[in-house]
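Asker: Input structure: target_25.cif, which contains mmCIF, C-alpha atoms.
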```
data_coords
loop_
_atom_site.group_PDB
_atom_site.id
_atom_site.type_symbol
_atom_site.label_atom_id
_atom_site.label_comp_id
_atom_site.auth_asym_id
_atom_site.auth_seq_id
_atom_site.Cartn_x
_atom_site.Cartn_y
_atom_site.Cartn_z
ATOM 1 C CA MET A 1 -82.894 160.665 -106.688
ATOM 2 C CA ASN A 2 -84.415 157.343 -107.746
ATOM 3 C CA ASN A 3 -81.541 155.394 -106.199
ATOM 4 C CA ILE A 4 -82.721 156.221 -102.668
ATOM 5 C CA LYS A 5 -84.666 153.242 -101.352
ATOM 6 C CA ARG A 6 -84.005 153.460 -97.621
ATOM 7 C CA ILE A 7 -83.422 156.453 -95.356
ATOM 8 C CA GLY A 8 -81.689 156.293 -91.996
ATOM 9 C CA VAL A 9 -82.776 158.788 -89.329
ATOM 10 C CA TYR A 10 -80.976 159.591 -86.084
ATOM 11 C CA THR A 11 -80.731 162.149 -83.286
ATOM 12 C CA SER A 12 -77.427 163.231 -81.787
ATOM 13 C CA GLY A 13 -76.082 165.593 -79.144
ATOM 14 C CA GLY A 14 -78.297 167.218 -76.544
ATOM 15 C CA ASP A 15 -81.966 166.298 -76.730
ATOM 16 C CA ALA A 16 -84.560 168.942 -77.546
ATOM 17 C CA PRO A 17 -88.379 168.978 -77.424
ATOM 18 C CA GLY A 18 -89.668 168.413 -80.952
ATOM 19 C CA MET A 19 -87.142 165.773 -81.958
ATOM 20 C CA ASN A 20 -89.793 163.050 -81.758
ATOM 21 C CA ALA A 21 -92.147 165.076 -83.924
ATOM 22 C CA ALA A 22 -89.369 165.434 -86.510
ATOM 23 C CA ILE A 23 -88.645 161.677 -86.441
ATOM 24 C CA ARG A 24 -92.346 160.997 -86.969
ATOM 25 C CA ALA A 25 -92.479 163.371 -89.934
ATOM 26 C CA VAL A 26 -89.384 161.842 -91.545
ATOM 27 C CA VAL A 27 -90.705 158.299 -91.167
ATOM 28 C CA ARG A 28 -94.192 158.974 -92.463
ATOM 29 C CA THR A 29 -93.049 161.193 -95.346
ATOM 30 C CA ALA A 30 -90.584 158.530 -96.447
ATOM 31 C CA LEU A 31 -93.236 155.811 -96.236
ATOM 32 C CA TYR A 32 -95.607 158.000 -98.261
ATOM 33 C CA HIS A 33 -92.984 157.983 -101.028
ATOM 34 C CA ASN A 34 -92.652 154.181 -100.759
ATOM 35 C CA LEU A 35 -89.238 154.379 -99.102
ATOM 36 C CA GLU A 36 -88.089 152.236 -96.196
ATOM 37 C CA VAL A 37 -86.809 153.797 -92.996
ATOM 38 C CA THR A 38 -84.185 152.662 -90.508
ATOM 39 C CA GLY A 39 -84.009 154.209 -87.057
ATOM 40 C CA ILE A 40 -80.418 154.592 -85.849
ATOM 41 C CA TYR A 41 -80.354 154.514 -82.057
ATOM 42 C CA ARG A 42 -77.975 156.636 -79.940
ATOM 43 C CA GLY A 43 -76.730 158.748 -82.827
ATOM 44 C CA TYR A 44 -73.206 158.164 -84.116
ATOM 45 C CA GLU A 45 -72.497 155.703 -81.313
ATOM 46 C CA GLY A 46 -75.363 153.506 -82.493
ATOM 47 C CA MET A 47 -74.190 153.907 -86.082
ATOM 48 C CA ILE A 48 -70.792 152.493 -85.128
ATOM 49 C CA GLU A 49 -72.345 149.653 -83.118
ATOM 50 C CA GLY A 50 -75.049 148.839 -85.679
ATOM 51 C CA ASP A 51 -77.914 149.633 -83.321
ATOM 52 C CA PHE A 52 -80.586 149.847 -86.030
ATOM 53 C CA LYS A 53 -84.303 149.129 -86.237
ATOM 54 C CA ASN A 54 -86.693 149.155 -89.142
ATOM 55 C CA LEU A 55 -89.396 151.781 -88.595
ATOM 56 C CA VAL A 56 -92.972 151.658 -89.859
ATOM 57 C CA SER A 57 -95.850 154.058 -89.424
ATOM 58 C CA ARG A 58 -96.941 152.501 -86.118
ATOM 59 C CA SER A 59 -93.372 152.809 -84.800
ATOM 60 C CA VAL A 60 -93.870 156.555 -84.472
ATOM 61 C CA SER A 61 -97.419 156.574 -83.128
ATOM 62 C CA SER A 62 -98.111 158.661 -80.013
ATOM 63 C CA ILE A 63 -94.681 160.328 -79.919
ATOM 64 C CA LEU A 64 -95.670 163.733 -81.309
ATOM 65 C CA GLN A 65 -96.391 165.101 -77.827
ATOM 66 C CA LYS A 66 -93.380 163.593 -76.069
ATOM 67 C CA GLY A 67 -90.162 165.379 -75.161
ATOM 68 C CA GLY A 68 -86.719 163.821 -75.539
ATOM 69 C CA THR A 69 -86.038 161.434 -78.415
ATOM 70 C CA MET A 70 -87.321 157.905 -78.957
ATOM 71 C CA LEU A 71 -84.108 157.131 -80.860
ATOM 72 C CA LYS A 72 -81.994 158.153 -77.839
ATOM 73 C CA SER A 73 -78.863 160.243 -78.115
ATOM 74 C CA ALA A 74 -75.202 160.018 -77.135
ATOM 75 C CA ARG A 75 -71.868 161.760 -77.500
ATOM 76 C CA CYS A 76 -69.427 159.694 -79.553
ATOM 77 C CA PRO A 77 -65.707 160.556 -79.530
ATOM 78 C CA GLU A 78 -64.974 157.451 -81.662
ATOM 79 C CA PHE A 79 -66.897 158.931 -84.601
ATOM 80 C CA ARG A 80 -64.311 161.714 -84.736
ATOM 81 C CA THR A 81 -61.736 159.155 -85.895
ATOM 82 C CA PRO A 82 -61.474 157.747 -89.446
ATOM 83 C CA GLU A 83 -61.628 154.233 -88.001
ATOM 84 C CA GLY A 84 -64.874 154.967 -86.192
ATOM 85 C CA ARG A 85 -66.479 156.468 -89.292
ATOM 86 C CA LYS A 86 -65.389 153.442 -91.355
ATOM 87 C CA LYS A 87 -67.235 151.143 -88.918
ATOM 88 C CA ALA A 88 -70.287 153.371 -89.216
ATOM 89 C CA TYR A 89 -70.139 153.302 -93.015
ATOM 90 C CA ASP A 90 -69.827 149.516 -93.140
ATOM 91 C CA ASN A 91 -72.921 149.204 -90.944
ATOM 92 C CA ILE A 92 -74.830 151.757 -93.007
ATOM 93 C CA LYS A 93 -74.119 149.911 -96.251
ATOM 94 C CA ALA A 94 -74.884 146.511 -94.725
ATOM 95 C CA ALA A 95 -78.280 147.871 -93.644
ATOM 96 C CA GLY A 96 -79.000 149.114 -97.164
ATOM 97 C CA ILE A 97 -79.254 152.756 -96.089
ATOM 98 C CA ASP A 98 -78.870 155.127 -99.053
ATOM 99 C CA ALA A 99 -79.363 158.519 -97.356
ATOM 100 C CA LEU A 100 -79.463 160.032 -93.869
ATOM 101 C CA VAL A 101 -81.526 162.555 -91.954
ATOM 102 C CA ALA A 102 -79.653 163.893 -88.931
ATOM 103 C CA ILE A 103 -81.421 165.791 -86.147
ATOM 104 C CA GLY A 104 -79.251 167.760 -83.745
ATOM 105 C CA GLY A 105 -76.993 170.748 -83.279
ATOM 106 C CA ASP A 106 -73.627 171.993 -84.482
ATOM 107 C CA GLY A 107 -71.704 168.848 -83.516
ATOM 108 C CA THR A 108 -74.263 166.654 -85.266
ATOM 109 C CA PHE A 109 -74.031 168.782 -88.404
ATOM 110 C CA THR A 110 -70.223 168.689 -88.373
ATOM 111 C CA GLY A 111 -70.174 164.897 -88.074
ATOM 112 C CA ALA A 112 -72.742 164.571 -90.862
ATOM 113 C CA GLU A 113 -70.734 166.767 -93.230
ATOM 114 C CA ILE A 114 -67.464 164.897 -92.659
ATOM 115 C CA PHE A 115 -69.178 161.512 -93.028
ATOM 116 C CA SER A 116 -71.063 162.562 -96.157
ATOM 117 C CA ASN A 117 -67.923 163.938 -97.804
ATOM 118 C CA GLU A 118 -65.860 160.868 -96.981
ATOM 119 C CA TYR A 119 -68.372 158.306 -98.227
ATOM 120 C CA ASN A 120 -70.570 160.315 -100.592
ATOM 121 C CA ILE A 121 -73.747 159.660 -98.589
ATOM 122 C CA PRO A 122 -76.623 162.130 -99.093
ATOM 123 C CA VAL A 123 -77.606 163.795 -95.824
ATOM 124 C CA MET A 124 -80.112 166.404 -94.711
ATOM 125 C CA CYS A 125 -79.736 167.980 -91.258
ATOM 126 C CA ILE A 126 -82.614 169.235 -89.115
ATOM 127 C CA PRO A 127 -81.646 171.793 -86.418
ATOM 128 C CA GLY A 128 -82.641 170.309 -83.067
ATOM 129 C CA THR A 129 -81.204 172.287 -80.148
ATOM 130 C CA ILE A 130 -82.739 174.466 -77.457
ATOM 131 C CA ASP A 131 -79.891 176.992 -77.872
ATOM 132 C CA ASN A 132 -81.276 178.467 -81.125
ATOM 133 C CA ASP A 133 -77.739 179.121 -82.333
ATOM 134 C CA LEU A 134 -77.484 177.597 -85.816
ATOM 135 C CA TYR A 135 -77.021 179.489 -89.064
ATOM 136 C CA GLY A 136 -79.698 179.134 -91.728
ATOM 137 C CA THR A 137 -82.785 179.165 -89.526
ATOM 138 C CA ASP A 138 -84.626 181.712 -87.420
ATOM 139 C CA TYR A 139 -85.606 179.026 -84.906
ATOM 140 C CA THR A 140 -84.276 175.608 -83.960
ATOM 141 C CA LEU A 141 -86.413 172.741 -82.670
ATOM 142 C CA GLY A 142 -86.878 172.913 -78.920
ATOM 143 C CA PHE A 143 -86.094 176.594 -78.451
ATOM 144 C CA ASP A 144 -89.719 177.698 -78.164
ATOM 145 C CA THR A 145 -90.540 174.960 -75.643
ATOM 146 C CA ALA A 146 -87.428 175.634 -73.559
ATOM 147 C CA ASN A 147 -88.171 179.347 -73.618
ATOM 148 C CA ASN A 148 -91.718 178.745 -72.374
ATOM 149 C CA THR A 149 -90.384 176.486 -69.608
ATOM 150 C CA VAL A 150 -88.026 179.236 -68.456
ATOM 151 C CA ILE A 151 -90.756 181.894 -68.576
ATOM 152 C CA GLU A 152 -93.054 179.726 -66.460
ATOM 153 C CA SER A 153 -90.255 179.327 -63.908
ATOM 154 C CA ILE A 154 -89.515 183.066 -63.891
ATOM 155 C CA ASP A 155 -93.185 183.851 -63.272
ATOM 156 C CA LYS A 156 -93.171 181.586 -60.218
ATOM 157 C CA ILE A 157 -89.878 182.959 -58.924
ATOM 158 C CA LYS A 158 -91.211 186.520 -59.263
ATOM 159 C CA ASP A 159 -94.090 185.623 -56.944
ATOM 160 C CA THR A 160 -91.785 184.620 -54.119
ATOM 161 C CA ALA A 161 -89.314 187.417 -54.882
ATOM 162 C CA ALA A 162 -92.072 190.011 -54.489
ATOM 163 C CA SER A 163 -93.217 188.481 -51.226
ATOM 164 C CA HIS A 164 -89.802 188.825 -49.570
ATOM 165 C CA ASN A 165 -88.073 191.829 -51.215
ATOM 166 C CA ARG A 166 -85.624 189.473 -52.882
ATOM 167 C CA LEU A 167 -83.151 189.789 -55.728
ATOM 168 C CA PHE A 168 -83.096 186.557 -57.728
ATOM 169 C CA PHE A 169 -80.346 185.529 -60.124
ATOM 170 C CA VAL A 170 -81.799 182.903 -62.460
ATOM 171 C CA GLU A 171 -79.302 180.921 -64.541
ATOM 172 C CA VAL A 172 -80.500 179.486 -67.850
ATOM 173 C CA MET A 173 -78.793 177.308 -70.435
ATOM 174 C CA GLY A 174 -76.686 178.961 -73.097
ATOM 175 C CA ARG A 175 -72.962 178.285 -72.914
ATOM 176 C CA ASP A 176 -72.219 180.100 -76.169
ATOM 177 C CA SER A 177 -75.616 181.553 -77.045
ATOM 178 C CA GLY A 178 -77.787 183.933 -75.060
ATOM 179 C CA SER A 179 -80.967 183.271 -77.029
ATOM 180 C CA ILE A 180 -82.878 181.656 -74.147
ATOM 181 C CA ALA A 181 -81.711 184.312 -71.695
ATOM 182 C CA LEU A 182 -82.665 187.167 -74.016
ATOM 183 C CA TYR A 183 -86.091 185.919 -75.070
ATOM 184 C CA ALA A 184 -87.074 184.667 -71.618
ATOM 185 C CA GLY A 185 -85.716 187.810 -70.009
ATOM 186 C CA VAL A 186 -87.857 190.045 -72.204
ATOM 187 C CA ALA A 187 -90.953 187.855 -71.905
ATOM 188 C CA GLY A 188 -90.476 187.409 -68.154
ATOM 189 C CA GLY A 189 -89.880 191.078 -67.383
ATOM 190 C CA ALA A 190 -86.360 190.656 -65.976
ATOM 191 C CA GLU A 191 -84.594 193.763 -64.678
ATOM 192 C CA ALA A 192 -81.296 192.717 -66.273
ATOM 193 C CA ILE A 193 -80.040 190.048 -68.680
ATOM 194 C CA MET A 194 -76.454 188.747 -68.715
ATOM 195 C CA LEU A 195 -75.448 187.372 -72.126
ATOM 196 C CA PRO A 196 -72.309 185.589 -73.448
ATOM 197 C CA GLU A 197 -72.416 187.897 -76.486
ATOM 198 C CA LYS A 198 -72.469 191.088 -74.438
ATOM 199 C CA ASP A 199 -69.928 192.140 -71.817
ATOM 200 C CA THR A 200 -71.812 193.431 -68.793
ATOM 201 C CA ALA A 201 -69.461 194.398 -65.992
ATOM 202 C CA ILE A 202 -70.544 193.769 -62.402
ATOM 203 C CA ASP A 203 -70.318 197.499 -61.666
ATOM 204 C CA GLU A 204 -72.606 198.193 -64.622
ATOM 205 C CA LEU A 205 -75.096 195.618 -63.330
ATOM 206 C CA ILE A 206 -75.000 197.164 -59.859
ATOM 207 C CA ASP A 207 -75.673 200.599 -61.344
ATOM 208 C CA MET A 208 -78.733 199.149 -63.104
ATOM 209 C CA LEU A 209 -79.960 197.607 -59.860
ATOM 210 C CA GLU A 210 -79.378 200.872 -57.984
ATOM 211 C CA VAL A 211 -81.543 202.728 -60.495
ATOM 212 C CA ALA A 212 -84.283 200.110 -60.108
ATOM 213 C CA LYS A 213 -84.116 200.396 -56.299
ATOM 214 C CA ASP A 214 -84.385 204.188 -56.524
ATOM 215 C CA ARG A 215 -87.581 203.653 -58.509
ATOM 216 C CA ASN A 216 -88.952 201.758 -55.528
ATOM 217 C CA LYS A 217 -88.752 198.274 -57.007
ATOM 218 C CA THR A 218 -89.117 195.921 -54.074
ATOM 219 C CA SER A 219 -87.914 192.798 -55.872
ATOM 220 C CA MET A 220 -85.904 192.067 -58.998
ATOM 221 C CA ILE A 221 -84.958 189.256 -61.363
ATOM 222 C CA VAL A 222 -81.634 189.034 -63.201
ATOM 223 C CA ILE A 223 -81.348 186.395 -65.946
ATOM 224 C CA VAL A 224 -77.846 184.966 -66.382
ATOM 225 C CA ALA A 225 -76.890 182.770 -69.343
ATOM 226 C CA GLU A 226 -74.591 179.985 -68.135
ATOM 227 C CA GLY A 227 -71.903 181.163 -70.572
ATOM 228 C CA ASP A 228 -71.864 184.741 -69.285
ATOM 229 C CA LYS A 229 -68.283 185.968 -68.974
ATOM 230 C CA ASN A 230 -68.724 186.840 -65.284
ATOM 231 C CA GLY A 231 -68.809 183.152 -64.383
ATOM 232 C CA GLY A 232 -72.419 182.079 -63.933
ATOM 233 C CA ALA A 233 -75.217 183.042 -61.575
ATOM 234 C CA TYR A 234 -73.552 182.056 -58.290
ATOM 235 C CA ASN A 235 -70.436 184.089 -59.046
ATOM 236 C CA VAL A 236 -72.453 187.078 -60.265
ATOM 237 C CA ALA A 237 -74.686 186.965 -57.176
ATOM 238 C CA LYS A 238 -71.689 186.768 -54.836
ATOM 239 C CA ARG A 239 -69.962 189.748 -56.422
ATOM 240 C CA VAL A 240 -73.144 191.812 -56.456
ATOM 241 C CA LYS A 241 -73.893 190.941 -52.827
ATOM 242 C CA GLU A 242 -70.470 192.266 -51.787
ATOM 243 C CA LYS A 243 -71.322 195.741 -53.074
ATOM 244 C CA PHE A 244 -75.092 195.820 -53.047
ATOM 245 C CA ASP A 245 -76.732 194.214 -50.036
ATOM 246 C CA PHE A 246 -80.052 196.043 -50.033
ATOM 247 C CA TYR A 247 -81.924 192.907 -51.116
ATOM 248 C CA ASP A 248 -81.989 189.356 -49.826
ATOM 249 C CA THR A 249 -80.116 187.673 -52.688
ATOM 250 C CA LYS A 250 -81.033 184.220 -54.012
ATOM 251 C CA VAL A 251 -79.852 182.046 -56.910
ATOM 252 C CA SER A 252 -81.886 179.591 -58.957
ATOM 253 C CA ILE A 253 -80.229 177.278 -61.524
ATOM 254 C CA LEU A 254 -82.855 175.903 -63.909
ATOM 255 C CA GLY A 255 -80.499 173.369 -65.508
ATOM 256 C CA HIS A 256 -81.826 170.385 -67.450
ATOM 257 C CA LEU A 257 -85.388 171.269 -66.564
ATOM 258 C CA GLN A 258 -85.184 173.346 -69.750
ATOM 259 C CA ARG A 259 -84.560 170.336 -71.995
ATOM 260 C CA GLY A 260 -87.580 168.286 -70.998
ATOM 261 C CA GLY A 261 -91.308 168.485 -71.337
ATOM 262 C CA SER A 262 -93.927 168.173 -74.013
ATOM 263 C CA PRO A 263 -93.066 170.292 -77.067
ATOM 264 C CA SER A 264 -95.086 173.423 -77.705
ATOM 265 C CA SER A 265 -97.504 173.675 -80.608
ATOM 266 C CA PHE A 266 -94.935 175.810 -82.432
ATOM 267 C CA ASP A 267 -92.205 173.185 -82.045
ATOM 268 C CA ARG A 268 -94.523 170.330 -83.073
ATOM 269 C CA ILE A 269 -95.550 172.104 -86.259
ATOM 270 C CA LEU A 270 -92.015 173.286 -87.037
ATOM 271 C CA ALA A 271 -90.628 169.770 -86.522
ATOM 272 C CA THR A 272 -93.296 168.262 -88.753
ATOM 273 C CA ARG A 273 -92.635 170.778 -91.515
ATOM 274 C CA MET A 274 -88.872 170.290 -91.272
ATOM 275 C CA GLY A 275 -89.058 166.477 -91.305
ATOM 276 C CA TYR A 276 -91.359 166.531 -94.318
ATOM 277 C CA PHE A 277 -89.092 169.016 -96.102
ATOM 278 C CA ALA A 278 -85.895 167.046 -95.347
ATOM 279 C CA VAL A 279 -87.144 163.871 -97.025
ATOM 280 C CA ASN A 280 -88.429 165.734 -100.065
ATOM 281 C CA GLU A 281 -85.125 167.598 -100.410
ATOM 282 C CA LEU A 282 -83.269 164.283 -100.544
ATOM 283 C CA LEU A 283 -85.657 163.074 -103.247
ATOM 284 C CA ARG A 284 -85.078 166.312 -105.148
ATOM 285 C CA GLY A 285 -81.338 165.624 -105.173
ATOM 286 C CA ASN A 286 -80.095 167.795 -102.298
ATOM 287 C CA THR A 287 -77.211 165.701 -100.988
ATOM 288 C CA ARG A 288 -75.725 167.920 -98.249
ATOM 289 C CA GLY A 289 -78.135 170.436 -96.792
ATOM 290 C CA THR A 290 -79.700 171.793 -93.637
ATOM 291 C CA VAL A 291 -83.351 172.626 -93.090
ATOM 292 C CA GLY A 292 -84.397 175.961 -91.640
ATOM 293 C CA ILE A 293 -87.243 178.409 -91.307
ATOM 294 C CA ARG A 294 -86.875 181.985 -92.536
ATOM 295 C CA GLY A 295 -89.921 184.070 -91.788
ATOM 296 C CA SER A 296 -92.729 181.593 -92.340
ATOM 297 C CA LYS A 297 -91.033 179.626 -95.126
ATOM 298 C CA ILE A 298 -89.128 176.355 -94.743
ATOM 299 C CA THR A 299 -85.853 176.659 -96.635
ATOM 300 C CA SER A 300 -82.613 174.798 -97.272
ATOM 301 C CA THR A 301 -79.031 175.947 -96.727
ATOM 302 C CA SER A 302 -76.003 173.990 -97.874
ATOM 303 C CA LEU A 303 -74.354 172.129 -95.037
ATOM 304 C CA GLU A 304 -71.030 173.718 -95.888
ATOM 305 C CA GLU A 305 -72.472 177.245 -95.665
ATOM 306 C CA ALA A 306 -74.314 176.509 -92.416
ATOM 307 C CA LEU A 307 -71.126 175.279 -90.750
ATOM 308 C CA ARG A 308 -68.902 177.985 -92.188
ATOM 309 C CA ASN A 309 -71.134 180.664 -90.663
ATOM 310 C CA LYS A 310 -70.807 179.458 -87.069
ATOM 311 C CA GLU A 311 -71.213 182.855 -85.423
ATOM 312 C CA PHE A 312 -74.924 183.149 -84.698
ATOM 313 C CA LYS A 313 -76.059 186.749 -84.135
ATOM 314 C CA LEU A 314 -78.593 187.683 -81.489
ATOM 315 C CA ASP A 315 -81.363 190.087 -82.404
ATOM 316 C CA GLU A 316 -79.753 193.450 -81.610
ATOM 317 C CA GLU A 317 -83.113 195.206 -81.650
ATOM 318 C CA LEU A 318 -84.436 192.816 -79.007
ATOM 319 C CA ILE A 319 -81.376 193.545 -76.839
ATOM 320 C CA THR A 320 -82.143 197.263 -77.108
ATOM 321 C CA ILE A 321 -85.811 196.620 -76.315
ATOM 322 C CA SER A 322 -84.822 194.646 -73.211
ATOM 323 C CA GLU A 323 -82.814 197.630 -71.963
ATOM 324 C CA VAL A 324 -85.658 200.057 -72.621
ATOM 325 C CA MET A 325 -88.138 197.793 -70.813
ATOM 326 C CA ASN A 326 -85.925 197.752 -67.717
ATOM 327 C CA ILE A 327 -86.444 201.416 -66.791
#
```
Translate this structure into structure tokens?

Answerer:
Amino acid sequence: MNNIKRIGVYTSGGDAPGMNAAIRAVVRTALYHNLEVTGIYRGYEGMIEGDFKNLVSRSVSSILQKGGTMLKSARCPEFRTPEGRKKAYDNIKAAGIDALVAIGGDGTFTGAEIFSNEYNIPVMCIPGTIDNDLYGTDYTLGFDTANNTVIESIDKIKDTAASHNRLFFVEVMGRDSGSIALYAGVAGGAEAIMLPEKDTAIDELIDMLEVAKDRNKTSMIVIVAEGDKNGGAYNVAKRVKEKFDFYDTKVSILGHLQRGGSPSSFDRILATRMGYFAVNELLRGNTRGTVGIRGSKITSTSLEEALRNKEFKLDEELITISEVMNI
């Protein structure tokens, strides 16, 4: 698309390790193609307020290894209104921005699709969320780093659990998706994993813990996704304690610890590949797409298809493996 002269790039929603690497890749790929780049600060909020800055190659130096997002992020209820989007469009046109690259999760993608349809602005979306719950990609930016952060925490908790015959309930992020809980639970050797996608009754969990006790396990770890239907780690621990008091029961909420930190090698490379691909897709004429990785290949899915297929499926085989490993 020869009419694209300037690309606007922004991050929106929850931050994720790897966002900075993606911004860097977008900026430098665009500059390589002799395009100009505008950084839009604070996502849709900054778009409405005109919080823009011209970005050059040096603007994205030494950010590859940093967590968070140099462009900042914010939630923006005003962008959900036609009036808010009109302000954003006026600012976009005044800045000479011809196309957008959005980095974020489901809410970011939804806003980008509505905005693009209303004002016919080309947009490519890069999946940046630790939840790993978007259609069209095997992995989202930040998931690998967050997963490694959780595993490191589980390893440390297991040390103290073993020293005191304790049963630890570790709550991880995942309101609607159990990806972090499942992957970290398998990699961390948890005795049980509580997922939003899978109904695990308290009595069923207690039966699992009873079997583990009978096998002379002196300490145990249960991973609980925050969106588990039993009400989170504190509630699960309380209900288990009422019926199963063999162990000293403790709860650890990892919280926003999972969002921060330097991105892993995997996330840095994935972000770089996705940012590079997003710019080239715009130049090839893809006006409403999302970037993803399938196997080892970077691919594109239409934005409409990605949003229509909102129900992300966990790896059923990995769930089965987690149950087998718990014997």

Asker: Can you spell out as a PyMOL selection string the set of residues that the PyMOL selection byres ((chain A and resi 193) around 10) selects in the structure I just provided?

Answerer: chain A and resi 169-170+178+181-186+189-192+194-195+198+200+205+221-225+228+319+322-323+326

Asker: How would you write, as a PDB file with C-alpha atoms, in the coordinates of the input, the residues chosen by the PyMOL selection byres ((chain A and resi 248-251) around 12) on this structure?

Answerer:
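Writing done, so here's expr_20.pdb:
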```pdb
ATOM      1  CA  ILE A 154     -89.515 183.066 -63.891  1.00  0.00           C
ATOM      2  CA  ILE A 157     -89.878 182.959 -58.924  1.00  0.00           C
ATOM      3  CA  LYS A 158     -91.211 186.520 -59.263  1.00  0.00           C
ATOM      4  CA  THR A 160     -91.785 184.620 -54.119  1.00  0.00           C
ATOM      5  CA  ALA A 161     -89.314 187.417 -54.882  1.00  0.00           C
ATOM      6  CA  ALA A 162     -92.072 190.011 -54.489  1.00  0.00           C
ATOM      7  CA  SER A 163     -93.217 188.481 -51.226  1.00  0.00           C
ATOM      8  CA  HIS A 164     -89.802 188.825 -49.570  1.00  0.00           C
ATOM      9  CA  ASN A 165     -88.073 191.829 -51.215  1.00  0.00           C
ATOM     10  CA  ARG A 166     -85.624 189.473 -52.882  1.00  0.00           C
ATOM     11  CA  LEU A 167     -83.151 189.789 -55.728  1.00  0.00           C
ATOM     12  CA  PHE A 168     -83.096 186.557 -57.728  1.00  0.00           C
ATOM     13  CA  PHE A 169     -80.346 185.529 -60.124  1.00  0.00           C
ATOM     14  CA  VAL A 170     -81.799 182.903 -62.460  1.00  0.00           C
ATOM     15  CA  GLU A 171     -79.302 180.921 -64.541  1.00  0.00           C
ATOM     16  CA  VAL A 172     -80.500 179.486 -67.850  1.00  0.00           C
ATOM     17  CA  THR A 218     -89.117 195.921 -54.074  1.00  0.00           C
ATOM     18  CA  SER A 219     -87.914 192.798 -55.872  1.00  0.00           C
ATOM     19  CA  MET A 220     -85.904 192.067 -58.998  1.00  0.00           C
ATOM     20  CA  ILE A 221     -84.958 189.256 -61.363  1.00  0.00           C
ATOM     21  CA  VAL A 222     -81.634 189.034 -63.201  1.00  0.00           C
ATOM     22  CA  ILE A 223     -81.348 186.395 -65.946  1.00  0.00           C
ATOM     23  CA  VAL A 224     -77.846 184.966 -66.382  1.00  0.00           C
ATOM     24  CA  GLY A 232     -72.419 182.079 -63.933  1.00  0.00           C
ATOM     25  CA  ALA A 233     -75.217 183.042 -61.575  1.00  0.00           C
ATOM     26  CA  TYR A 234     -73.552 182.056 -58.290  1.00  0.00           C
ATOM     27  CA  ASN A 235     -70.436 184.089 -59.046  1.00  0.00           C
ATOM     28  CA  VAL A 236     -72.453 187.078 -60.265  1.00  0.00           C
ATOM     29  CA  ALA A 237     -74.686 186.965 -57.176  1.00  0.00           C
ATOM     30  CA  LYS A 238     -71.689 186.768 -54.836  1.00  0.00           C
ATOM     31  CA  ARG A 239     -69.962 189.748 -56.422  1.00  0.00           C
ATOM     32  CA  VAL A 240     -73.144 191.812 -56.456  1.00  0.00           C
ATOM     33  CA  LYS A 241     -73.893 190.941 -52.827  1.00  0.00           C
ATOM     34  CA  GLU A 242     -70.470 192.266 -51.787  1.00  0.00           C
ATOM     35  CA  LYS A 243     -71.322 195.741 -53.074  1.00  0.00           C
ATOM     36  CA  PHE A 244     -75.092 195.820 -53.047  1.00  0.00           C
ATOM     37  CA  ASP A 245     -76.732 194.214 -50.036  1.00  0.00           C
ATOM     38  CA  PHE A 246     -80.052 196.043 -50.033  1.00  0.00           C
ATOM     39  CA  TYR A 247     -81.924 192.907 -51.116  1.00  0.00           C
ATOM     40  CA  SER A 252     -81.886 179.591 -58.957  1.00  0.00           C
ATOM     41  CA  ILE A 253     -80.229 177.278 -61.524  1.00  0.00           C
ATOM     42  CA  LEU A 254     -82.855 175.903 -63.909  1.00  0.00           C
TER      43      LEU A 254
END
```

Asker: On this file, the PyMOL selection byres ((chain A and resi 303) around 7) gives some set of residues; write that set as a list in words.

Answerer: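 Selected by the PyMOL selection byres ((chain A and resi 303) around 7) here: Glu113, Arg288, Gly289, Thr290, Thr301, Ser302, Glu304, Glu305, Ala306 and Leu307 of chain A.
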
Asker: Dump C-alpha atoms for the selected residues as a PDB file, in the coordinates of the input?

Answerer:
```pdb
ATOM      1  CA  GLU A 113     -70.734 166.767 -93.230  1.00  0.00           C
ATOM      2  CA  ARG A 288     -75.725 167.920 -98.249  1.00  0.00           C
ATOM      3  CA  GLY A 289     -78.135 170.436 -96.792  1.00  0.00           C
ATOM      4  CA  THR A 290     -79.700 171.793 -93.637  1.00  0.00           C
ATOM      5  CA  THR A 301     -79.031 175.947 -96.727  1.00  0.00           C
ATOM      6  CA  SER A 302     -76.003 173.990 -97.874  1.00  0.00           C
ATOM      7  CA  GLU A 304     -71.030 173.718 -95.888  1.00  0.00           C
ATOM      8  CA  GLU A 305     -72.472 177.245 -95.665  1.00  0.00           C
ATOM      9  CA  ALA A 306     -74.314 176.509 -92.416  1.00  0.00           C
ATOM     10  CA  LEU A 307     -71.126 175.279 -90.750  1.00  0.00           C
TER      11      LEU A 307
END
```

Asker: For Thr145 (chain A), which of A:Pro17, A:Glu316, A:Tyr10, A:Asn309 is the closest residue, counting all atoms listed in the file?

Answerer: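 The answer is A:Pro17, which sits nearest to Thr145 (chain A).
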
Asker: Of the candidates A:Gly50, A:Gly18, A:Gly292, A:Gly261, which one gets nearest to Asp133 (chain A) if we count all atoms listed in the file?

Answerer: A:Gly292

Asker: Give me, please, the distance in Å between CA of Thr29 (chain A) and CA of Ile114 (chain A), quoted to one decimal.

Answerer: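 CA of Ile114 (chain A) lies at a distance of 26.0 Å from CA of Thr29 (chain A).
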
Asker: Name the residues in contact with Ile103 (chain A) at a cut-off of 9 Å, using only C-alpha atoms, excluding same-chain residues fewer than 3 positions from it; report them as a ChimeraX atom specification.

Answerer: /A:9-13,19,22-23,108-109,124-129

Asker: Excluding region 76-92 of chain A and its own-chain neighbours fewer than 3 positions away, which residues fall within 7 Å of it when counting all atoms listed in the file? Please give them as a PyMOL selection string.

Answerer: chain A and resi 44-45+47-48+50+95-97+115
